[in-house]
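*Asks:* mmCIF, C-alpha atoms and all ligand atoms, file upload-v9.cif:
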data_final
#
loop_
_atom_site.label_atom_id
_atom_site.label_comp_id
_atom_site.auth_asym_id
_atom_site.auth_seq_id
_atom_site.Cartn_x
_atom_site.Cartn_y
_atom_site.Cartn_z
CA MET Y 1086 20.59 -5.49 -5.89
CA LYS Y 1087 16.85 -5.75 -6.61
CA ASN Y 1088 14.85 -2.52 -6.92
CA VAL Y 1089 11.45 -2.09 -5.29
CA VAL Y 1090 9.00 0.82 -5.28
CA VAL Y 1091 6.84 1.56 -2.23
CA THR Y 1092 4.21 4.29 -2.64
CA GLY Y 1093 3.18 6.43 0.33
CA ALA Y 1094 6.25 5.25 2.22
CA SER Y 1095 7.03 8.22 4.47
CA ARG Y 1096 4.97 6.93 7.41
CA GLY Y 1097 2.74 4.16 8.71
CA ILE Y 1098 2.51 0.86 6.88
CA GLY Y 1099 4.47 2.11 3.84
CA ARG Y 1100 7.37 3.15 6.06
CA ALA Y 1101 7.44 -0.25 7.77
CA ILE Y 1102 7.39 -1.97 4.37
CA ALA Y 1103 10.26 0.21 3.10
CA ILE Y 1104 12.34 -0.51 6.21
CA GLU Y 1105 11.64 -4.27 6.15
CA LEU Y 1106 12.54 -4.56 2.47
CA GLY Y 1107 15.62 -2.39 2.95
CA LYS Y 1108 16.79 -4.68 5.75
CA ARG Y 1109 16.30 -7.63 3.43
CA GLY Y 1110 18.71 -6.12 0.91
CA TYR Y 1111 16.42 -4.42 -1.59
CA ARG Y 1112 17.03 -0.91 -2.91
CA VAL Y 1113 13.80 0.96 -2.08
CA LEU Y 1114 12.25 3.90 -3.92
CA VAL Y 1115 10.59 5.62 -0.95
CA ASN Y 1116 7.74 7.53 -2.58
CA TYR Y 1117 6.24 10.46 -0.71
CA ASN Y 1118 3.84 13.24 -1.58
CA LYS Y 1119 4.45 15.87 1.10
CA SER Y 1120 6.77 14.67 3.87
CA ARG Y 1121 10.24 14.93 2.37
CA GLU Y 1122 12.01 14.94 5.76
CA LYS Y 1123 10.26 11.78 6.90
CA ALA Y 1124 11.13 10.01 3.64
CA GLU Y 1125 14.74 11.21 3.97
CA GLY Y 1126 14.74 9.87 7.55
CA ILE Y 1127 14.33 6.32 6.24
CA ARG Y 1128 17.75 6.71 4.61
CA LYS Y 1129 19.28 6.82 8.09
CA ILE Y 1130 17.73 3.44 8.90
CA ILE Y 1131 18.36 1.61 5.63
CA GLY Y 1132 21.23 2.59 3.37
CA GLU Y 1133 19.67 1.92 0.00
CA ALA Y 1134 16.63 4.18 0.22
CA VAL Y 1135 15.85 6.57 -2.62
CA PRO Y 1136 13.24 9.16 -1.57
CA MET Y 1137 11.25 10.46 -4.55
CA LYS Y 1138 8.29 12.80 -4.63
CA ALA Y 1139 5.13 12.12 -6.63
CA ASP Y 1140 1.43 12.49 -6.02
CA VAL Y 1141 0.18 9.02 -7.00
CA SER Y 1142 -3.09 10.49 -8.29
CA LYS Y 1143 -1.20 12.43 -11.00
CA TYR Y 1144 0.00 10.22 -13.82
CA GLU Y 1145 2.63 12.69 -15.09
CA GLU Y 1146 4.31 12.83 -11.66
CA VAL Y 1147 4.23 9.05 -11.26
CA GLY Y 1148 5.58 8.51 -14.78
CA LYS Y 1149 8.46 10.91 -14.20
CA MET Y 1150 9.36 9.36 -10.84
CA ILE Y 1151 9.38 5.82 -12.22
CA GLY Y 1152 11.21 6.87 -15.41
CA ASP Y 1153 13.95 8.72 -13.48
CA PHE Y 1154 14.38 5.82 -11.04
CA CYS Y 1155 14.53 3.21 -13.79
CA GLU Y 1156 17.03 5.23 -15.82
CA LYS Y 1157 19.36 5.58 -12.84
CA TYR Y 1158 19.01 2.18 -11.12
CA GLY Y 1159 17.74 -0.20 -13.82
CA LYS Y 1160 14.93 -2.72 -13.83
CA ILE Y 1161 12.31 -2.82 -11.07
CA TYR Y 1162 11.64 -6.12 -9.29
CA ALA Y 1163 8.56 -5.14 -7.28
CA LEU Y 1164 5.87 -2.50 -6.87
CA ILE Y 1165 4.10 -2.09 -3.53
CA LEU Y 1166 1.00 0.05 -4.02
CA ASN Y 1167 0.41 1.31 -0.52
CA ALA Y 1168 -0.50 5.03 -0.71
CA GLY Y 1169 -4.04 5.67 0.42
CA ILE Y 1170 -6.46 7.98 2.20
CA TYR Y 1171 -9.46 7.26 4.39
CA ILE Y 1172 -12.20 9.88 4.46
CA ARG Y 1173 -14.60 9.00 7.27
CA LYS Y 1174 -17.91 10.13 5.75
CA ASN Y 1175 -21.10 8.29 4.91
CA VAL Y 1176 -23.09 8.71 1.71
CA GLU Y 1177 -24.96 11.83 2.91
CA GLU Y 1178 -21.87 13.58 4.21
CA MET Y 1179 -19.45 12.74 1.42
CA SER Y 1180 -18.92 15.49 -1.15
CA LEU Y 1181 -18.27 14.64 -4.78
CA GLU Y 1182 -14.77 16.01 -4.31
CA ASP Y 1183 -14.09 13.65 -1.37
CA TRP Y 1184 -15.36 10.75 -3.46
CA LYS Y 1185 -13.17 11.70 -6.42
CA ASN Y 1186 -10.09 12.20 -4.24
CA THR Y 1187 -10.52 8.79 -2.68
CA ILE Y 1188 -10.89 7.04 -6.03
CA ASP Y 1189 -8.06 9.09 -7.57
CA ILE Y 1190 -5.59 8.25 -4.80
CA ASN Y 1191 -6.64 4.76 -3.69
CA LEU Y 1192 -7.59 3.24 -7.04
CA SER Y 1193 -6.06 5.30 -9.88
CA GLY Y 1194 -3.04 5.88 -7.63
CA ALA Y 1195 -2.56 2.12 -7.44
CA PHE Y 1196 -2.93 1.68 -11.21
CA TYR Y 1197 -0.71 4.54 -12.42
CA PRO Y 1198 2.59 3.18 -11.02
CA VAL Y 1199 1.82 -0.20 -12.61
CA LYS Y 1200 1.11 1.41 -15.98
CA ALA Y 1201 4.26 3.54 -15.78
CA ALA Y 1202 6.58 0.80 -14.50
CA LEU Y 1203 5.55 -2.15 -16.67
CA PRO Y 1204 8.12 -1.59 -19.45
CA CYS Y 1205 10.82 -1.40 -16.78
CA MET Y 1206 9.80 -4.45 -14.76
CA GLU Y 1207 11.91 -7.56 -14.38
CA GLU Y 1208 10.85 -10.96 -15.60
CA GLY Y 1209 9.67 -12.76 -12.42
CA GLY Y 1210 8.71 -9.43 -10.83
CA ARG Y 1211 6.07 -8.88 -8.17
CA ILE Y 1212 3.21 -6.45 -7.63
CA VAL Y 1213 1.54 -6.16 -4.23
CA PHE Y 1214 -1.55 -4.02 -3.67
CA ILE Y 1215 -2.53 -2.89 -0.18
CA SER Y 1216 -6.31 -3.19 -0.05
CA SER Y 1217 -8.38 -3.42 3.16
CA GLN Y 1218 -10.78 -5.70 5.00
CA LEU Y 1219 -13.38 -3.00 4.26
CA ALA Y 1220 -13.21 -4.02 0.58
CA PHE Y 1221 -14.92 -7.25 1.66
CA LYS Y 1222 -17.22 -6.24 4.45
CA GLY Y 1223 -18.13 -2.62 3.64
CA SER Y 1224 -18.05 0.18 6.14
CA LYS Y 1225 -20.70 2.14 7.98
CA SER Y 1226 -18.42 5.17 8.27
CA SER Y 1227 -17.01 5.56 4.76
CA VAL Y 1228 -18.73 5.13 1.43
CA ALA Y 1229 -15.77 5.78 -0.88
CA TYR Y 1230 -13.01 3.90 0.89
CA GLY Y 1231 -14.49 0.40 0.66
CA ALA Y 1232 -15.43 1.01 -2.98
CA SER Y 1233 -11.89 2.13 -3.84
CA LYS Y 1234 -10.32 -0.84 -2.04
CA ALA Y 1235 -12.71 -3.33 -3.67
CA GLY Y 1236 -11.65 -1.76 -6.98
CA VAL Y 1237 -8.04 -2.48 -6.05
CA LEU Y 1238 -8.90 -6.18 -5.60
CA GLY Y 1239 -10.55 -6.27 -9.03
CA LEU Y 1240 -7.49 -4.61 -10.54
CA MET Y 1241 -5.22 -7.13 -8.79
CA ARG Y 1242 -7.16 -10.11 -10.18
CA SER Y 1243 -7.19 -8.86 -13.79
CA LEU Y 1244 -3.50 -7.97 -13.69
CA ALA Y 1245 -2.64 -11.38 -12.21
CA ILE Y 1246 -4.18 -13.01 -15.28
CA GLN Y 1247 -2.88 -10.50 -17.81
CA LEU Y 1248 0.70 -10.32 -16.54
CA ALA Y 1249 1.25 -14.05 -15.94
CA PRO Y 1250 3.69 -15.70 -16.22
CA LYS Y 1251 6.01 -12.66 -16.25
CA ILE Y 1252 4.81 -10.98 -13.05
CA ARG Y 1253 3.04 -12.27 -9.94
CA VAL Y 1254 0.29 -9.96 -8.68
CA ASN Y 1255 -1.26 -10.23 -5.21
CA SER Y 1256 -2.84 -8.12 -2.51
CA ILE Y 1257 -2.83 -7.75 1.25
CA SER Y 1258 -5.94 -6.66 3.11
CA PRO Y 1259 -5.06 -5.28 6.54
CA GLY Y 1260 -7.55 -5.07 9.37
CA THR Y 1261 -7.04 -2.40 12.04
CA ILE Y 1262 -3.38 -1.35 12.02
CA ASP Y 1263 -1.86 1.17 14.41
CA THR Y 1264 -1.09 4.16 12.15
CA ASP Y 1265 -2.34 7.73 11.60
CA ILE Y 1266 -5.50 6.27 10.06
CA ILE Y 1267 -6.72 5.32 13.56
CA LYS Y 1268 -5.14 8.24 15.41
CA ASN Y 1269 -8.59 9.60 16.35
CA TYR Y 1270 -9.50 6.47 18.32
CA THR Y 1271 -9.94 7.18 22.04
CA PRO Y 1272 -8.13 4.79 24.45
CA GLU Y 1273 -11.54 3.18 25.11
CA GLN Y 1274 -12.13 2.66 21.37
CA ARG Y 1275 -8.66 1.12 21.03
CA GLU Y 1276 -9.30 -1.28 23.90
CA LYS Y 1277 -12.71 -2.22 22.52
CA ARG Y 1278 -11.24 -2.89 19.09
CA ALA Y 1279 -8.40 -4.98 20.54
CA ARG Y 1280 -10.98 -7.09 22.42
CA GLU Y 1281 -12.92 -7.67 19.17
CA ILE Y 1282 -9.84 -9.04 17.43
CA PRO Y 1283 -9.39 -12.81 17.98
CA LEU Y 1284 -5.60 -12.42 18.24
CA GLY Y 1285 -6.21 -9.83 20.98
CA ARG Y 1286 -4.37 -6.78 19.72
CA ILE Y 1287 -4.48 -4.07 17.09
CA GLY Y 1288 -2.07 -4.80 14.22
CA ARG Y 1289 1.34 -3.21 13.81
CA PRO Y 1290 2.65 -1.83 10.52
CA GLU Y 1291 5.36 -4.51 10.75
CA ASP Y 1292 2.69 -7.23 10.58
CA VAL Y 1293 1.81 -6.01 7.08
CA ALA Y 1294 5.46 -5.53 6.10
CA GLY Y 1295 6.21 -9.18 6.92
CA ALA Y 1296 3.45 -10.37 4.58
CA VAL Y 1297 4.80 -8.11 1.80
CA ALA Y 1298 8.29 -9.55 2.28
CA PHE Y 1299 6.85 -13.05 1.95
CA LEU Y 1300 5.06 -12.19 -1.31
CA LEU Y 1301 8.36 -10.90 -2.70
CA SER Y 1302 10.26 -14.01 -1.63
CA LYS Y 1303 11.12 -17.12 -3.62
CA GLU Y 1304 8.75 -19.05 -1.33
CA ALA Y 1305 5.82 -17.16 -2.89
CA ASP Y 1306 6.84 -18.10 -6.43
CA TYR Y 1307 3.63 -20.05 -7.19
CA ILE Y 1308 1.24 -17.45 -5.75
CA THR Y 1309 -0.58 -15.02 -8.00
CA GLY Y 1310 -4.06 -13.49 -7.94
CA ALA Y 1311 -4.29 -14.09 -4.19
CA ASN Y 1312 -5.24 -11.90 -1.27
CA ILE Y 1313 -3.72 -12.29 2.19
CA ASP Y 1314 -5.76 -10.98 5.12
CA VAL Y 1315 -3.57 -9.45 7.84
CA ASN Y 1316 -6.27 -8.71 10.38
CA GLY Y 1317 -5.71 -10.86 13.47
CA GLY Y 1318 -8.88 -12.79 12.61
CA LEU Y 1319 -11.13 -9.71 12.86
CA TYR Y 1320 -12.83 -10.58 9.58
CA ILE Y 1321 -12.71 -14.18 8.43
CA HIS Y 1322 -14.39 -15.02 5.13
P1 LIG Z 1401 -1.14 6.60 6.71
O1 LIG Z 1401 -2.13 7.67 6.56
O2 LIG Z 1401 -0.19 6.62 7.86
O3 LIG Z 1401 -0.28 6.41 5.39
C1 LIG Z 1401 -0.77 6.66 4.11
C2 LIG Z 1401 0.41 7.05 3.23
O4 LIG Z 1401 -0.07 7.35 1.91
C3 LIG Z 1401 1.10 8.31 3.75
O5 LIG Z 1401 2.51 8.14 3.66
C4 LIG Z 1401 0.63 9.39 2.80
O6 LIG Z 1401 1.52 10.45 2.66
C5 LIG Z 1401 0.50 8.59 1.51
N1 LIG Z 1401 -0.31 9.27 0.51
C6 LIG Z 1401 -1.59 9.75 0.67
N2 LIG Z 1401 -1.96 10.38 -0.45
C7 LIG Z 1401 -0.91 10.29 -1.32
C8 LIG Z 1401 -0.70 10.72 -2.65
N3 LIG Z 1401 -1.64 11.41 -3.32
N4 LIG Z 1401 0.48 10.46 -3.25
C9 LIG Z 1401 1.45 9.76 -2.60
N5 LIG Z 1401 1.31 9.33 -1.33
C10 LIG Z 1401 0.13 9.59 -0.71
O7 LIG Z 1401 -1.99 5.26 6.75
P2 LIG Z 1401 -1.56 3.71 6.73
O8 LIG Z 1401 -2.43 3.06 7.71
O9 LIG Z 1401 -0.09 3.54 6.81
O10 LIG Z 1401 -2.09 3.29 5.27
C11 LIG Z 1401 -1.30 2.64 4.31
C12 LIG Z 1401 -2.22 1.82 3.42
O11 LIG Z 1401 -2.82 0.77 4.18
C13 LIG Z 1401 -3.37 2.63 2.82
O12 LIG Z 1401 -3.60 2.24 1.50
C14 LIG Z 1401 -4.54 2.25 3.71
O13 LIG Z 1401 -5.76 2.41 3.05
C15 LIG Z 1401 -4.21 0.79 3.98
N6 LIG Z 1401 -4.90 0.25 5.16
C16 LIG Z 1401 -4.65 0.73 6.41
C17 LIG Z 1401 -5.33 0.20 7.51
C18 LIG Z 1401 -5.11 0.68 8.92
O14 LIG Z 1401 -5.88 0.28 9.82
N7 LIG Z 1401 -4.11 1.48 9.20
C19 LIG Z 1401 -6.26 -0.83 7.30
C20 LIG Z 1401 -6.48 -1.31 6.02
C21 LIG Z 1401 -5.79 -0.77 4.95
#
Could you quickly redo this structure as structure tokens?

*Replies:*
Amino acid sequence: MKNVVVTGASRGIGRAIAIELGKRGYRVLVNYNKSREKAEGIRKIIGEAVPMKADVSKYEEVGKMIGDFCEKYGKIYALILNAGIYIRKNVEEMSLEDWKNTIDINLSGAFYPVKAALPCMEEGGRIVFISSQLAFKGSKSSVAYGASKAGVLGLMRSLAIQLAPKIRVNSISPGTIDTDIIKNYTPEQREKRAREIPLGRIGRPEDVAGAVAFLLSKEADYITGANIDVNGGLYIH
């Protein structure tokens, strides 16, 4: 059985990824920071789920989680770097602490699991970063988020070169996906957004999970250093 790690997997996109990969026969390290019950709940849906706590912005916690998992279950096939936060503040509003938190979680928190897991990764392994369309187009409502997600793309590209041919490294950039991140949208805002999207609807976490499953499949064997947009055509570039 192949082992995969999904960070920030207790809810939203990470949860959907964990469930999809579990259904496809992977053993999934379901990383969470706070919501132990929710992470445990995934065990009831897929048998081979291993909930493990770590704050991805703290290297010691990430290193311990990966080390313990690897010692117990063996080599890791894939890392899915999904954990992230979105602080909706522009340059004037954003405190230095908000900025640092965003970079620590979204960018360093994507790098730390890679650094910790590399010695334990399988030949032919996969790394998938979850970036965002805002990495490409910028955002009027958040100054740190787009910067952190553009950083993730830069990290993905360098790792794709450095880790070839042992490990394939790619990213997915979601558009608007129906999770807690957009929970403050009013019904009118949701409708307006759906109308703006060429495919006519807001994305589902499962839409992202399907793309992750593809990047882990044999069919994606010749793909590295690539980004897949999962945005319903909202931002085409
Ligand atoms: P979400 O808020 O539901 O999920 C984020 C997950 O990250 C949660 O499980 C949370 O607990 C976890 N997390 C946050 N800080 C953490 C930390 N320090 N350590 C470990 N885990 C931590 O949002 P989501 O929409 O499911 O987001 C998942 C990823 O997709 C994020 O990286 C987000 O930036 C990205 N994304 C989301 C959208 C969207 O529209 N929903 C669009 C583009 C990109």

*Asks:* Ligand LIG 1401 (chain Z): which residues are within 6 Å, counting all atoms listed in the file? Reply as a PDB file with C-alpha atoms, keeping the file's coordinate frame.

*Replies:*
ATOM      1  CA  THR Y1092       4.210   4.290  -2.640  1.00  0.00           C
ATOM      2  CA  GLY Y1093       3.180   6.430   0.330  1.00  0.00           C
ATOM      3  CA  ALA Y1094       6.250   5.250   2.220  1.00  0.00           C
ATOM      4  CA  SER Y1095       7.030   8.220   4.470  1.00  0.00           C
ATOM      5  CA  ARG Y1096       4.970   6.930   7.410  1.00  0.00           C
ATOM      6  CA  GLY Y1097       2.740   4.160   8.710  1.00  0.00           C
ATOM      7  CA  ILE Y1098       2.510   0.860   6.880  1.00  0.00           C
ATOM      8  CA  GLY Y1099       4.470   2.110   3.840  1.00  0.00           C
ATOM      9  CA  TYR Y1117       6.240  10.460  -0.710  1.00  0.00           C
ATOM     10  CA  ASN Y1118       3.840  13.240  -1.580  1.00  0.00           C
ATOM     11  CA  ALA Y1139       5.130  12.120  -6.630  1.00  0.00           C
ATOM     12  CA  ASP Y1140       1.430  12.490  -6.020  1.00  0.00           C
ATOM     13  CA  VAL Y1141       0.180   9.020  -7.000  1.00  0.00           C
ATOM     14  CA  SER Y1142      -3.090  10.490  -8.290  1.00  0.00           C
ATOM     15  CA  ASN Y1167       0.410   1.310  -0.520  1.00  0.00           C
ATOM     16  CA  ALA Y1168      -0.500   5.030  -0.710  1.00  0.00           C
ATOM     17  CA  GLY Y1169      -4.040   5.670   0.420  1.00  0.00           C
ATOM     18  CA  ILE Y1170      -6.460   7.980   2.200  1.00  0.00           C
ATOM     19  CA  ILE Y1190      -5.590   8.250  -4.800  1.00  0.00           C
ATOM     20  CA  ILE Y1215      -2.530  -2.890  -0.180  1.00  0.00           C
ATOM     21  CA  SER Y1216      -6.310  -3.190  -0.050  1.00  0.00           C
ATOM     22  CA  SER Y1217      -8.380  -3.420   3.160  1.00  0.00           C
ATOM     23  CA  PRO Y1259      -5.060  -5.280   6.540  1.00  0.00           C
ATOM     24  CA  GLY Y1260      -7.550  -5.070   9.370  1.00  0.00           C
ATOM     25  CA  THR Y1261      -7.040  -2.400  12.040  1.00  0.00           C
ATOM     26  CA  ILE Y1262      -3.380  -1.350  12.020  1.00  0.00           C
ATOM     27  CA  ASP Y1263      -1.860   1.170  14.410  1.00  0.00           C
ATOM     28  CA  THR Y1264      -1.090   4.160  12.150  1.00  0.00           C
ATOM     29  CA  ASP Y1265      -2.340   7.730  11.600  1.00  0.00           C
ATOM     30  CA  ILE Y1266      -5.500   6.270  10.060  1.00  0.00           C
TER      31      ILE Y1266
END

*Asks:* Name all residues at most 6 Å from Y:Val1115 (count all atoms listed in the file; drop same-chain ones fewer than 3 positions away) and give them as a ChimeraX atom specification.

*Replies:* /Y:1091,1094,1135-1136

*Asks:* Pick from Y:Arg1211, Y:Lys1149, Y:Lys1123, Y:Lys1143: nearest to Y:Arg1100, with all atoms listed in the file counted?

*Replies:*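 Nearest candidate to Y:Arg1100 out of Y:Arg1211, Y:Lys1149, Y:Lys1123, Y:Lys1143: Y:Lys1123.
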
*Asks:* Using only C-alpha atoms, which residues sit within 10 Å of Y:Pro1283 once same-chain residues fewer than 6 positions away are excluded, as a list of chain:residue names?

*Replies:*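 Using only C-alpha atoms, the neighbours found are Y:Asn1316, Y:Gly1317, Y:Gly1318, Y:Leu1319, Y:Tyr1320.
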
*Asks:* Got time to write the residues from that selection, C-alpha atoms, as a PDB file, in the coordinates of the input?

*Replies:*
ATOM      1  CA  ASN Y1316      -6.270  -8.710  10.380  1.00  0.00           C
ATOM      2  CA  GLY Y1317      -5.710 -10.860  13.470  1.00  0.00           C
ATOM      3  CA  GLY Y1318      -8.880 -12.790  12.610  1.00  0.00           C
ATOM      4  CA  LEU Y1319     -11.130  -9.710  12.860  1.00  0.00           C
ATOM      5  CA  TYR Y1320     -12.830 -10.580   9.580  1.00  0.00           C
TER       6      TYR Y1320
END

*Asks:* At a cut-off of 8 Å, using all atoms listed in the file, what residues contact stretch 1196-1198 of chain Y? Leave out same-chain residues fewer than 2 positions from it and give the result as a ChimeraX atom specification.

*Replies:* /Y:1141-1142,1144,1147-1148,1151,1164,1166,1192-1194,1200-1202,1240

*Asks:* Between atom CA of Y:Lys1185 and atom CA of Y:Met1206, what distance in Å does the model show, to one decimal?

*Replies:* 29.3 Å

*Asks:* Can you tell me, as a list in words, what residues are no more than 10 Å from Y:Leu1203 when counting only C-alpha atoms, ignoring any on the same chain fewer than 6 positions away?

*Replies:*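 Selected residues are Ile1151, Lys1160, Ile1161, Leu1164, Gly1210, Leu1248 and Ile1252 of chain Y.
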
*Asks:* May I have the residues from that selection written out with C-alpha atoms, as a CSV table (one decimal), in the coordinates of the input?

*Replies:*
chain,number,residue,atom,x,y,z
Y,1151,ILE,CA,9.4,5.8,-12.2
Y,1160,LYS,CA,14.9,-2.7,-13.8
Y,1161,ILE,CA,12.3,-2.8,-11.1
Y,1164,LEU,CA,5.9,-2.5,-6.9
Y,1210,GLY,CA,8.7,-9.4,-10.8
Y,1248,LEU,CA,0.7,-10.3,-16.5
Y,1252,ILE,CA,4.8,-11.0,-13.0

*Asks:* List as an mmCIF file with C-alpha atoms, keeping the file's coordinate frame the protein and nucleic acid residues near Y:Gly1239, meaning an atom at most 12 Å away when all atoms listed in the file are counted, but skip any in the same chain fewer than 5 places from it.

*Replies:*
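Output saved as result-v3.cif:
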data_model
loop_
_atom_site.group_PDB
_atom_site.id
_atom_site.type_symbol
_atom_site.label_atom_id
_atom_site.label_comp_id
_atom_site.auth_asym_id
_atom_site.auth_seq_id
_atom_site.Cartn_x
_atom_site.Cartn_y
_atom_site.Cartn_z
ATOM 1 C CA LEU Y 1192 -7.590 3.240 -7.040
ATOM 2 C CA ALA Y 1195 -2.560 2.120 -7.440
ATOM 3 C CA PHE Y 1196 -2.930 1.680 -11.210
ATOM 4 C CA PHE Y 1214 -1.550 -4.020 -3.670
ATOM 5 C CA SER Y 1216 -6.310 -3.190 -0.050
ATOM 6 C CA ALA Y 1220 -13.210 -4.020 0.580
ATOM 7 C CA PHE Y 1221 -14.920 -7.250 1.660
ATOM 8 C CA ALA Y 1232 -15.430 1.010 -2.980
ATOM 9 C CA SER Y 1233 -11.890 2.130 -3.840
ATOM 10 C CA LYS Y 1234 -10.320 -0.840 -2.040
ATOM 11 C CA LEU Y 1244 -3.500 -7.970 -13.690
ATOM 12 C CA ALA Y 1245 -2.640 -11.380 -12.210
ATOM 13 C CA ILE Y 1246 -4.180 -13.010 -15.280
ATOM 14 C CA VAL Y 1254 0.290 -9.960 -8.680
ATOM 15 C CA ASN Y 1255 -1.260 -10.230 -5.210
ATOM 16 C CA SER Y 1256 -2.840 -8.120 -2.510
ATOM 17 C CA GLY Y 1310 -4.060 -13.490 -7.940
ATOM 18 C CA ALA Y 1311 -4.290 -14.090 -4.190
ATOM 19 C CA ASN Y 1312 -5.240 -11.900 -1.270
#

*Asks:* Of the candidates Y:Ala1279, Y:Met1137, Y:Ile1313, Y:Val1176, which one gets nearest to Y:Lys1119 if we count all atoms listed in the file?

*Replies:*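 Smallest distance to Y:Lys1119 is found for Y:Met1137.
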
*Asks:* So, with all atoms listed in the file as the atoms that count, which of Y:Leu1106, Y:Leu1114, Y:Ile1212, Y:Val1199 lies closest to Y:Ile1308?

*Replies:*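 Closest candidate: Y:Ile1212.
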
*Asks:* Using all atoms listed in the file, which residue out of Y:Met1241, Y:Val1293, Y:Val1213, Y:Ala1229 lies closest to Y:Ala1305?

*Replies:* Y:Val1213

*Asks:* Just give me the gap between atom CA of Y:Leu1301 and atom CA of Y:Gly1223 in Å, one decimal is fine.

*Replies:*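 For atom CA of Y:Leu1301 relative to atom CA of Y:Gly1223, the distance reads 28.5 Å.
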
*Asks:* Of the candidates Y:Val1228, Y:Ala1101, Y:Ile1287, Y:Met1150, which one gets nearest to Y:Ser1180 if we count all atoms listed in the file?

*Replies:*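 Under the stated criterion, the closest residue is Y:Val1228.
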
*Asks:* Which of these, Y:Lys1087, Y:Leu1238, Y:Thr1187, Y:Glu1105, has the shortest distance to Y:Phe1299 once you count only C-alpha atoms?

*Replies:* Y:Glu1105

*Asks:* Separation of atom CA of Y:Arg1173 and atom CA of Y:Ile1188, in Å?

*Replies:* 13.9 Å

*Asks:* Can I get stretch 1278-1294 of chain Y with N, CA and C atoms filled in, as a compact mmCIF listing (two decimals), in the coordinates of the input?

*Replies:*
# COMPACT_ATOMS: atom_id res chain seq x y z
N ARG Y 1278 -11.64 -2.26 20.34
CA ARG Y 1278 -11.24 -2.89 19.09
C ARG Y 1278 -10.30 -4.08 19.33
N ALA Y 1279 -9.35 -3.88 20.24
CA ALA Y 1279 -8.40 -4.98 20.54
C ALA Y 1279 -9.15 -6.21 21.06
N ARG Y 1280 -10.19 -5.96 21.88
CA ARG Y 1280 -10.98 -7.09 22.42
C ARG Y 1280 -11.75 -7.81 21.31
N GLU Y 1281 -12.14 -7.06 20.26
CA GLU Y 1281 -12.92 -7.67 19.17
C GLU Y 1281 -12.05 -8.55 18.27
N ILE Y 1282 -10.75 -8.34 18.34
CA ILE Y 1282 -9.84 -9.04 17.43
C ILE Y 1282 -9.43 -10.38 18.07
N PRO Y 1283 -9.72 -11.50 17.38
CA PRO Y 1283 -9.39 -12.81 17.98
C PRO Y 1283 -7.95 -12.91 18.47
N LEU Y 1284 -6.99 -12.34 17.77
CA LEU Y 1284 -5.60 -12.42 18.24
C LEU Y 1284 -5.30 -11.40 19.35
N GLY Y 1285 -6.30 -10.60 19.75
CA GLY Y 1285 -6.21 -9.83 20.98
C GLY Y 1285 -5.45 -8.53 20.94
N ARG Y 1286 -5.07 -8.07 19.78
CA ARG Y 1286 -4.37 -6.78 19.72
C ARG Y 1286 -4.60 -6.13 18.36
N ILE Y 1287 -4.47 -4.81 18.35
CA ILE Y 1287 -4.48 -4.07 17.09
C ILE Y 1287 -3.18 -4.41 16.35
N GLY Y 1288 -3.26 -4.43 15.00
CA GLY Y 1288 -2.07 -4.80 14.22
C GLY Y 1288 -1.01 -3.73 14.23
N ARG Y 1289 0.22 -4.16 13.94
CA ARG Y 1289 1.34 -3.21 13.81
C ARG Y 1289 1.70 -3.10 12.33
N PRO Y 1290 2.22 -1.95 11.91
CA PRO Y 1290 2.65 -1.83 10.52
C PRO Y 1290 3.60 -2.96 10.10
N GLU Y 1291 4.40 -3.43 11.04
CA GLU Y 1291 5.36 -4.51 10.75
C GLU Y 1291 4.65 -5.82 10.40
N ASP Y 1292 3.43 -6.01 10.92
CA ASP Y 1292 2.69 -7.23 10.58
C ASP Y 1292 2.39 -7.26 9.08
N VAL Y 1293 2.08 -6.09 8.52
CA VAL Y 1293 1.81 -6.01 7.08
C VAL Y 1293 3.12 -6.14 6.30
N ALA Y 1294 4.17 -5.50 6.80
CA ALA Y 1294 5.46 -5.53 6.10
C ALA Y 1294 5.98 -6.96 5.95
